$ cat input.txt   # compact mmCIF, C-alpha atoms and all ligand atoms
# COMPACT_ATOMS: atom_id res chain seq x y z
CA MET A 1 4.91 -13.97 -12.23
CA ILE A 2 4.11 -10.29 -11.77
CA ILE A 3 1.48 -9.68 -9.10
CA VAL A 4 -0.44 -6.39 -9.11
CA HIS A 5 -1.93 -5.46 -5.75
CA HIS A 6 -4.97 -3.70 -7.11
CA LEU A 7 -7.24 -1.40 -5.13
CA ASN A 8 -10.66 -0.78 -6.67
CA ASN A 9 -11.19 2.61 -8.34
CA SER A 10 -7.56 3.58 -8.07
CA ARG A 11 -4.27 4.36 -9.73
CA SER A 12 -3.44 0.67 -10.00
CA GLN A 13 -5.85 0.49 -12.93
CA ARG A 14 -3.14 2.03 -15.09
CA ILE A 15 -0.67 -0.72 -14.13
CA LEU A 16 -3.13 -3.34 -15.35
CA TRP A 17 -3.50 -1.32 -18.54
CA LEU A 18 0.29 -1.10 -19.02
CA LEU A 19 0.64 -4.86 -18.58
CA GLU A 20 -2.11 -5.43 -21.14
CA GLU A 21 -0.38 -3.07 -23.59
CA LEU A 22 2.86 -5.02 -23.09
CA GLY A 23 1.06 -8.36 -23.41
CA LEU A 24 2.63 -9.69 -20.22
CA PRO A 25 1.15 -12.40 -18.01
CA TYR A 26 0.28 -11.19 -14.52
CA GLU A 27 -1.90 -11.92 -11.55
CA VAL A 28 -4.28 -9.43 -9.93
CA LYS A 29 -4.71 -9.45 -6.17
CA ARG A 30 -7.74 -7.34 -5.37
CA TYR A 31 -8.26 -5.05 -2.38
CA GLN A 32 -11.46 -3.17 -1.62
CA ARG A 33 -11.63 0.42 -0.33
CA ASP A 34 -13.46 0.99 2.95
CA ALA A 35 -16.96 2.09 1.87
CA LYS A 36 -17.04 4.95 4.38
CA THR A 37 -13.49 6.32 4.50
CA MET A 38 -12.49 5.18 0.99
CA LEU A 39 -9.11 4.18 2.45
CA ALA A 40 -7.27 1.02 1.48
CA PRO A 41 -7.70 -2.04 3.73
CA PRO A 42 -4.91 -2.78 6.27
CA GLY A 43 -3.97 -5.91 4.29
CA LEU A 44 -2.10 -3.72 1.81
CA ARG A 45 0.31 -2.71 4.55
CA ALA A 46 1.49 -6.29 4.72
CA VAL A 47 2.69 -5.91 1.13
CA HIS A 48 4.24 -2.43 1.50
CA PRO A 49 4.53 -0.32 4.69
CA LEU A 50 2.64 2.63 3.16
CA GLY A 51 -0.38 0.47 2.34
CA LYS A 52 -1.21 2.32 -0.88
CA SER A 53 -1.97 1.06 -4.32
CA PRO A 54 -0.45 0.30 -6.75
CA VAL A 55 2.19 -2.08 -5.49
CA ILE A 56 3.65 -4.88 -7.56
CA SER A 57 5.63 -7.98 -6.71
CA ASP A 58 7.93 -9.40 -9.37
CA GLY A 59 10.07 -12.21 -7.98
CA ASP A 60 12.18 -10.64 -5.23
CA VAL A 61 11.11 -7.10 -6.15
CA THR A 62 8.29 -5.32 -4.33
CA LEU A 63 7.69 -1.88 -5.78
CA ALA A 64 5.26 0.94 -4.98
CA GLU A 65 4.61 4.35 -6.64
CA SER A 66 2.93 4.19 -10.02
CA GLY A 67 5.59 6.16 -11.91
CA ALA A 68 8.34 3.90 -10.59
CA ILE A 69 6.31 0.77 -11.38
CA ILE A 70 5.58 1.95 -14.91
CA GLU A 71 9.23 2.80 -15.54
CA TYR A 72 10.33 -0.53 -14.09
CA LEU A 73 7.90 -2.63 -16.13
CA ALA A 74 8.23 -0.63 -19.35
CA GLY A 75 12.03 -0.58 -19.01
CA LYS A 76 12.46 -4.22 -18.12
CA TYR A 77 9.86 -5.79 -20.40
CA GLY A 78 8.84 -3.30 -23.06
CA ARG A 79 11.66 -0.95 -23.96
CA ASP A 80 11.06 -0.77 -27.70
CA LYS A 81 7.34 -0.54 -27.40
CA LEU A 82 6.36 2.15 -24.92
CA VAL A 83 9.51 4.14 -24.10
CA PRO A 84 10.97 6.69 -26.54
CA ALA A 85 14.62 6.33 -27.53
CA GLU A 86 17.24 7.69 -25.15
CA GLY A 87 18.52 11.21 -25.88
CA THR A 88 15.51 12.27 -27.97
CA PRO A 89 13.12 15.19 -27.26
CA GLU A 90 10.39 12.53 -26.94
CA LYS A 91 12.29 10.84 -24.11
CA LEU A 92 12.65 14.15 -22.26
CA ARG A 93 8.93 14.87 -22.62
CA TYR A 94 8.22 11.29 -21.55
CA THR A 95 10.15 11.90 -18.31
CA TYR A 96 8.47 15.27 -17.81
CA TRP A 97 4.91 13.91 -18.07
CA MET A 98 5.78 10.82 -16.07
CA HIS A 99 6.61 13.15 -13.13
CA PHE A 100 4.00 15.80 -13.89
CA ALA A 101 1.10 13.36 -13.40
CA GLU A 102 1.73 12.72 -9.70
CA GLY A 103 3.89 15.76 -8.93
CA SER A 104 1.84 18.60 -10.41
CA MET A 105 -1.59 17.32 -11.34
CA MET A 106 -2.64 14.99 -8.54
CA PRO A 107 -2.04 17.34 -5.55
CA PRO A 108 -4.66 19.97 -6.57
CA LEU A 109 -7.08 17.18 -7.56
CA LEU A 110 -6.71 15.67 -4.11
CA LEU A 111 -7.19 19.07 -2.47
CA LYS A 112 -10.34 19.56 -4.53
CA LEU A 113 -11.66 16.19 -3.35
CA ILE A 114 -10.96 17.03 0.30
CA PHE A 115 -12.42 20.56 0.20
CA ASP A 116 -15.51 19.37 -1.71
CA ARG A 117 -16.08 16.80 1.01
CA ILE A 118 -15.61 19.35 3.79
CA GLU A 119 -18.07 21.61 2.02
CA SER A 120 -20.79 19.02 1.59
CA GLY A 121 -20.05 16.49 4.34
CA PRO A 122 -21.99 16.06 7.59
CA MET A 123 -20.81 18.07 10.63
CA PRO A 124 -22.33 19.91 13.60
CA PHE A 125 -24.48 22.83 12.39
CA PHE A 126 -22.48 25.45 14.32
CA VAL A 127 -19.22 24.50 12.57
CA LYS A 128 -20.68 24.12 9.10
CA PRO A 129 -20.68 27.78 7.92
CA VAL A 130 -17.07 28.24 9.04
CA ALA A 131 -15.85 24.99 7.49
CA ARG A 132 -17.75 25.71 4.31
CA GLY A 133 -16.31 29.22 4.13
CA ILE A 134 -12.74 27.98 4.54
CA ALA A 135 -13.23 25.25 1.94
CA GLN A 136 -14.75 27.64 -0.59
CA ARG A 137 -12.05 30.22 -0.02
CA ALA A 138 -9.22 27.71 -0.41
CA LYS A 139 -10.77 26.37 -3.58
CA GLY A 140 -11.47 29.81 -5.03
CA LEU A 141 -8.07 31.28 -4.22
CA MET A 142 -5.84 28.35 -4.97
CA VAL A 143 -7.24 25.02 -6.08
CA THR A 144 -9.60 25.97 -8.93
CA PRO A 145 -7.33 28.57 -10.61
CA ASN A 146 -4.43 26.15 -10.37
CA LEU A 147 -6.44 23.33 -11.93
CA GLU A 148 -7.61 25.64 -14.70
CA ARG A 149 -4.02 26.63 -15.51
CA LEU A 150 -2.87 23.02 -15.52
CA LEU A 151 -5.70 21.94 -17.81
CA THR A 152 -5.09 24.86 -20.19
CA PHE A 153 -1.40 23.98 -20.29
CA MET A 154 -2.05 20.31 -21.07
CA GLU A 155 -4.63 21.23 -23.70
CA SER A 156 -2.08 23.45 -25.46
CA GLU A 157 0.59 20.74 -25.25
CA LEU A 158 -1.69 18.23 -26.96
CA GLY A 159 -2.32 20.87 -29.60
CA THR A 160 1.23 20.37 -30.85
CA ARG A 161 1.47 16.57 -30.87
CA GLU A 162 -0.80 13.58 -30.75
CA TRP A 163 0.40 11.99 -27.50
CA PHE A 164 2.11 13.48 -24.45
CA ALA A 165 5.65 12.45 -25.40
CA GLY A 166 5.33 12.77 -29.17
CA PRO A 167 3.62 11.27 -32.21
CA VAL A 168 3.69 7.75 -30.77
CA PHE A 169 1.70 6.41 -27.80
CA SER A 170 3.98 5.81 -24.78
CA ALA A 171 3.86 4.74 -21.16
CA ALA A 172 3.71 8.46 -20.25
CA ASP A 173 0.17 8.48 -21.68
CA ILE A 174 -0.73 5.64 -19.34
CA GLN A 175 0.68 7.57 -16.39
CA MET A 176 -1.25 10.70 -17.47
CA SER A 177 -4.53 8.81 -17.82
CA PHE A 178 -5.37 8.79 -14.12
CA PRO A 179 -5.09 12.55 -13.43
CA LEU A 180 -7.06 13.26 -16.59
CA GLU A 181 -9.78 10.79 -15.64
CA ALA A 182 -9.84 12.29 -12.15
CA ALA A 183 -10.02 15.79 -13.67
CA ALA A 184 -12.99 14.67 -15.77
CA ALA A 185 -14.67 13.25 -12.65
CA ARG A 186 -14.08 16.23 -10.35
CA GLY A 187 -11.56 18.74 -11.71
CA GLY A 188 -13.50 20.66 -14.34
CA LEU A 189 -12.30 18.80 -17.43
CA ASP A 190 -15.00 18.51 -20.07
CA GLU A 191 -15.49 18.64 -23.84
CA LYS A 192 -14.63 22.36 -23.82
CA ARG A 193 -11.03 21.17 -23.85
CA PRO A 194 -11.27 19.13 -27.05
CA LYS A 195 -7.69 17.82 -27.17
CA LEU A 196 -7.80 16.42 -23.65
CA TRP A 197 -11.30 15.13 -24.21
CA ALA A 198 -10.20 13.38 -27.40
CA PHE A 199 -7.22 11.93 -25.51
CA LEU A 200 -9.60 10.32 -23.02
CA ARG A 201 -11.81 8.98 -25.80
CA LYS A 202 -8.80 7.52 -27.61
CA ILE A 203 -7.33 5.78 -24.60
CA HIS A 204 -10.70 4.37 -23.56
CA ALA A 205 -11.10 2.85 -27.01
CA ARG A 206 -7.79 0.96 -26.86
CA PRO A 207 -8.33 -2.82 -26.65
CA ALA A 208 -5.66 -3.12 -23.92
CA TYR A 209 -7.47 -0.48 -21.83
CA GLN A 210 -10.71 -2.45 -22.20
CA ARG A 211 -9.04 -5.71 -21.21
CA ALA A 212 -7.54 -4.04 -18.15
CA LEU A 213 -11.02 -2.91 -17.11
CA GLU A 214 -12.22 -6.51 -17.32
CA LYS A 215 -9.30 -7.66 -15.17
CA GLY A 216 -9.60 -4.90 -12.56
CA GLY A 217 -13.35 -4.82 -12.06
CA LYS A 218 -15.55 -1.76 -11.65
CA TYR A 219 -13.62 1.50 -12.16
CA GLU A 220 -15.33 4.68 -11.06
CA LEU A 221 -13.23 7.59 -9.87
CA LEU A 222 -14.08 9.52 -6.72
CA ARG A 223 -16.12 12.69 -7.17
N1 LIG B 301 1.85 8.71 -5.70
C1 LIG B 301 1.35 7.40 -5.38
C2 LIG B 301 -0.02 7.54 -4.74
C3 LIG B 301 -0.57 6.25 -4.21
C4 LIG B 301 -1.99 6.45 -3.66
O1 LIG B 301 -2.29 7.44 -2.96
N2 LIG B 301 -2.88 5.51 -3.97
C5 LIG B 301 -4.25 5.62 -3.56
C6 LIG B 301 -5.14 4.98 -4.62
S1 LIG B 301 -5.50 6.00 -5.96
C7 LIG B 301 -4.49 4.81 -2.30
O2 LIG B 301 -3.89 3.78 -2.11
N3 LIG B 301 -5.44 5.28 -1.48
C8 LIG B 301 -5.93 4.58 -0.36
C9 LIG B 301 -5.35 5.04 0.95
O3 LIG B 301 -4.67 6.08 0.98
O4 LIG B 301 -5.61 4.38 1.96
C10 LIG B 301 1.31 6.56 -6.66
O5 LIG B 301 1.24 7.15 -7.75
O6 LIG B 301 1.39 5.33 -6.60

$ encode --input "input.txt" --output "structure tokens" --more "lines below"
Ligand SMILES: N[C@@H](CCC(=O)N[C@@H](CS)C(=O)NCC(=O)O)C(=O)O
Amino acid sequence: MIIVHHLNNSRSQRILWLLEELGLPYEVKRYQRDAKTMLAPPGLRAVHPLGKSPVISDGDVTLAESGAIIEYLAGKYGRDKLVPAEGTPEKLRYTYWMHFAEGSMMPPLLLKLIFDRIESGPMPFFVKPVARGIAQRAKGLMVTPNLERLLTFMESELGTREWFAGPVFSAADIQMSFPLEAAAARGGLDEKRPKLWAFLRKIHARPAYQRALEKGGKYELLR
């Protein structure tokens, strides 16, 4: 039995969604973020030394890192369904977006989250103007322009095909869902980018996505 160690409001939501798309039986073990720090509880470190989510257990295998988990599950249990054929342009794009999600898109979104919190969070009054100035400067010089470029790039990519890898929905779309949902929550993605916006609407309407939400519990991304 596949066990998904699922942290609320987190990347592990997409593993539940993948498993629903593949129609596989699985068990969800839930972990709750600390309400103040938003960090994962120490119990997750007993499953994997890094203590992050997602992690899955499948027999003797314990695997972390969402891209690796998606490739493992889609490869082992769903090859025909959610992975493009080897040697095709679709497969190359599949690999590209599978890495892009965590490698290119998540780092600036995380920086945005941190700098937003520095800007608005409580701190001694004499430090506040300095901290705020640094946060605004870092965002203005680097984070926001970078996010804008990334969003514009993705919007243009979805202008040439329906899904990230090609005309058919694939596991790369599942991997891309989290950065796009995070971008909609805090990264400047809105209906002014109609292709990306439509992508979000389409994935949210999928029955498997809805079932995964029921399994995982409340899903609200950090702002
Ligand atoms: N690149 C990793 C990132 C894992 C990660 O940072 N997970 C977050 C949840 S979205 C987490 O566990 N955060 C809680 C913490 O860092 O304590 C992946 O894609 O699995």

$ residues_near_ligand --input "input.txt" --ligand "ligand LIG 301 (chain B)" --cutoff "9 Å" --atoms "only C-alpha atoms and all ligand atoms" --output "tab-separated table (two decimals) with C-alpha atoms, keeping the file's coordinate frame"
chain	number	residue	atom	x	y	z
A	7	LEU	CA	-7.24	-1.40	-5.13
A	8	ASN	CA	-10.66	-0.78	-6.67
A	9	ASN	CA	-11.19	2.61	-8.34
A	10	SER	CA	-7.56	3.58	-8.07
A	11	ARG	CA	-4.27	4.36	-9.73
A	12	SER	CA	-3.44	0.67	-10.00
A	13	GLN	CA	-5.85	0.49	-12.93
A	33	ARG	CA	-11.63	0.42	-0.33
A	34	ASP	CA	-13.46	0.99	2.95
A	37	THR	CA	-13.49	6.32	4.50
A	38	MET	CA	-12.49	5.18	0.99
A	39	LEU	CA	-9.11	4.18	2.45
A	40	ALA	CA	-7.27	1.02	1.48
A	41	PRO	CA	-7.70	-2.04	3.73
A	42	PRO	CA	-4.91	-2.78	6.27
A	44	LEU	CA	-2.10	-3.72	1.81
A	50	LEU	CA	2.64	2.63	3.16
A	51	GLY	CA	-0.38	0.47	2.34
A	52	LYS	CA	-1.21	2.32	-0.88
A	53	SER	CA	-1.97	1.06	-4.32
A	54	PRO	CA	-0.45	0.30	-6.75
A	55	VAL	CA	2.19	-2.08	-5.49
A	64	ALA	CA	5.26	0.94	-4.98
A	65	GLU	CA	4.61	4.35	-6.64
A	66	SER	CA	2.93	4.19	-10.02
A	67	GLY	CA	5.59	6.16	-11.91
A	68	ALA	CA	8.34	3.90	-10.59
A	69	ILE	CA	6.31	0.77	-11.38
A	101	ALA	CA	1.10	13.36	-13.40
A	102	GLU	CA	1.73	12.72	-9.70
A	103	GLY	CA	3.89	15.76	-8.93
A	106	MET	CA	-2.64	14.99	-8.54
A	175	GLN	CA	0.68	7.57	-16.39
A	178	PHE	CA	-5.37	8.79	-14.12
A	221	LEU	CA	-13.23	7.59	-9.87

$ closest_residue --input "input.txt" --among "A:Ser177, A:Leu109, A:Met123, A:Arg132" --to "Asn146 (chain A)" --atoms "all atoms listed in the file"
A:Leu109

$ closest_residue --input "input.txt" --among "A:Gly133, A:Ala85, A:Glu71, A:Pro145" --to "Asp116 (chain A)" --atoms "only C-alpha atoms"
A:Gly133

$ closest_residue --input "input.txt" --among "A:Asp80, A:Ala138, A:Trp197, A:Arg211" --to "Leu19 (chain A)" --atoms "all atoms listed in the file"
A:Arg211

$ closest_residue --input "input.txt" --among "A:Leu22, A:Ala35, A:Met142, A:Ile174" --to "Lys112 (chain A)" --atoms "all atoms listed in the file"
A:Met142

$ atom_distance --input "input.txt" --atom1 "CA of Ile3 (chain A)" --atom2 "CA of Leu82 (chain A)"
20.3 Å

$ closest_residue --input "input.txt" --among "A:Gly166, A:Ile56, A:Val61, A:Ala135" --to "Pro89 (chain A)" --atoms "only C-alpha atoms"
A:Gly166

$ residues_around --input "input.txt" --residues "Glu90 (chain A)" --least-positions-apart "2" --cutoff "10 Å" --atoms "all atoms listed in the file" --output "list in words"
Val83, Pro84, Ala85, Glu86, Gly87, Thr88, Leu92, Arg93, Tyr94, Thr95, Tyr96, Phe164, Ala165, Gly166, Pro167, Val168 and Ser170 of chain A

$ atom_distance --input "input.txt" --atom1 "CA of Arg186 (chain A)" --atom2 "CA of Leu151 (chain A)"
12.6 Å

$ decode --input "input.txt" --residues "region 58-108 of chain A" --atoms "C-alpha atoms" --output "PDB file, in the first residue's frame"
ATOM      1  CA  ASP A  58       5.717   2.139  -0.988  1.00  0.00           C
ATOM      2  CA  GLY A  59       6.796  -1.194   0.474  1.00  0.00           C
ATOM      3  CA  ASP A  60      10.540  -0.885   1.107  1.00  0.00           C
ATOM      4  CA  VAL A  61      10.780   2.432  -0.747  1.00  0.00           C
ATOM      5  CA  THR A  62      10.693   5.764   1.076  1.00  0.00           C
ATOM      6  CA  LEU A  63      10.906   8.655  -1.352  1.00  0.00           C
ATOM      7  CA  ALA A  64      10.927  12.445  -0.957  1.00  0.00           C
ATOM      8  CA  GLU A  65      10.965  15.306  -3.518  1.00  0.00           C
ATOM      9  CA  SER A  66       7.749  15.778  -5.448  1.00  0.00           C
ATOM     10  CA  GLY A  67       9.292  15.486  -8.918  1.00  0.00           C
ATOM     11  CA  ALA A  68      10.985  12.210  -8.004  1.00  0.00           C
ATOM     12  CA  ILE A  69       7.788  10.879  -6.413  1.00  0.00           C
ATOM     13  CA  ILE A  70       5.700  11.800  -9.449  1.00  0.00           C
ATOM     14  CA  GLU A  71       8.192  10.187 -11.830  1.00  0.00           C
ATOM     15  CA  TYR A  72       8.368   7.083  -9.657  1.00  0.00           C
ATOM     16  CA  LEU A  73       4.607   6.642  -9.359  1.00  0.00           C
ATOM     17  CA  ALA A  74       3.786   7.611 -12.941  1.00  0.00           C
ATOM     18  CA  GLY A  75       6.601   5.408 -14.256  1.00  0.00           C
ATOM     19  CA  LYS A  76       5.856   2.388 -12.117  1.00  0.00           C
ATOM     20  CA  TYR A  77       2.065   2.439 -12.164  1.00  0.00           C
ATOM     21  CA  GLY A  78       0.865   4.681 -14.968  1.00  0.00           C
ATOM     22  CA  ARG A  79       3.258   4.720 -17.885  1.00  0.00           C
ATOM     23  CA  ASP A  80       0.718   4.759 -20.700  1.00  0.00           C
ATOM     24  CA  LYS A  81      -1.539   7.218 -19.026  1.00  0.00           C
ATOM     25  CA  LEU A  82       0.404  10.239 -17.839  1.00  0.00           C
ATOM     26  CA  VAL A  83       3.897  10.012 -19.357  1.00  0.00           C
ATOM     27  CA  PRO A  84       4.549  10.829 -23.029  1.00  0.00           C
ATOM     28  CA  ALA A  85       6.298   8.218 -25.167  1.00  0.00           C
ATOM     29  CA  GLU A  86      10.079   8.007 -24.951  1.00  0.00           C
ATOM     30  CA  GLY A  87      12.027   9.920 -27.611  1.00  0.00           C
ATOM     31  CA  THR A  88       9.193  12.308 -28.508  1.00  0.00           C
ATOM     32  CA  PRO A  89       9.231  16.141 -28.250  1.00  0.00           C
ATOM     33  CA  GLU A  90       6.415  15.727 -25.696  1.00  0.00           C
ATOM     34  CA  LYS A  91       8.660  13.605 -23.471  1.00  0.00           C
ATOM     35  CA  LEU A  92      11.423  16.229 -23.615  1.00  0.00           C
ATOM     36  CA  ARG A  93       8.978  18.992 -22.681  1.00  0.00           C
ATOM     37  CA  TYR A  94       7.590  16.733 -19.955  1.00  0.00           C
ATOM     38  CA  THR A  95      11.089  16.458 -18.437  1.00  0.00           C
ATOM     39  CA  TYR A  96      11.679  20.190 -18.838  1.00  0.00           C
ATOM     40  CA  TRP A  97       8.514  21.238 -16.974  1.00  0.00           C
ATOM     41  CA  MET A  98       8.961  18.529 -14.370  1.00  0.00           C
ATOM     42  CA  HIS A  99      12.261  20.225 -13.404  1.00  0.00           C
ATOM     43  CA  PHE A 100      11.172  23.795 -14.102  1.00  0.00           C
ATOM     44  CA  ALA A 101       8.427  23.683 -11.443  1.00  0.00           C
ATOM     45  CA  GLU A 102      10.772  23.256  -8.472  1.00  0.00           C
ATOM     46  CA  GLY A 103      14.006  24.446 -10.090  1.00  0.00           C
ATOM     47  CA  SER A 104      12.952  27.743 -11.683  1.00  0.00           C
ATOM     48  CA  MET A 105       9.511  28.682 -10.447  1.00  0.00           C
ATOM     49  CA  MET A 106       9.451  27.828  -6.751  1.00  0.00           C
ATOM     50  CA  PRO A 107      12.633  29.691  -5.651  1.00  0.00           C
ATOM     51  CA  PRO A 108      11.367  33.215  -6.544  1.00  0.00           C
TER      52      PRO A 108
END
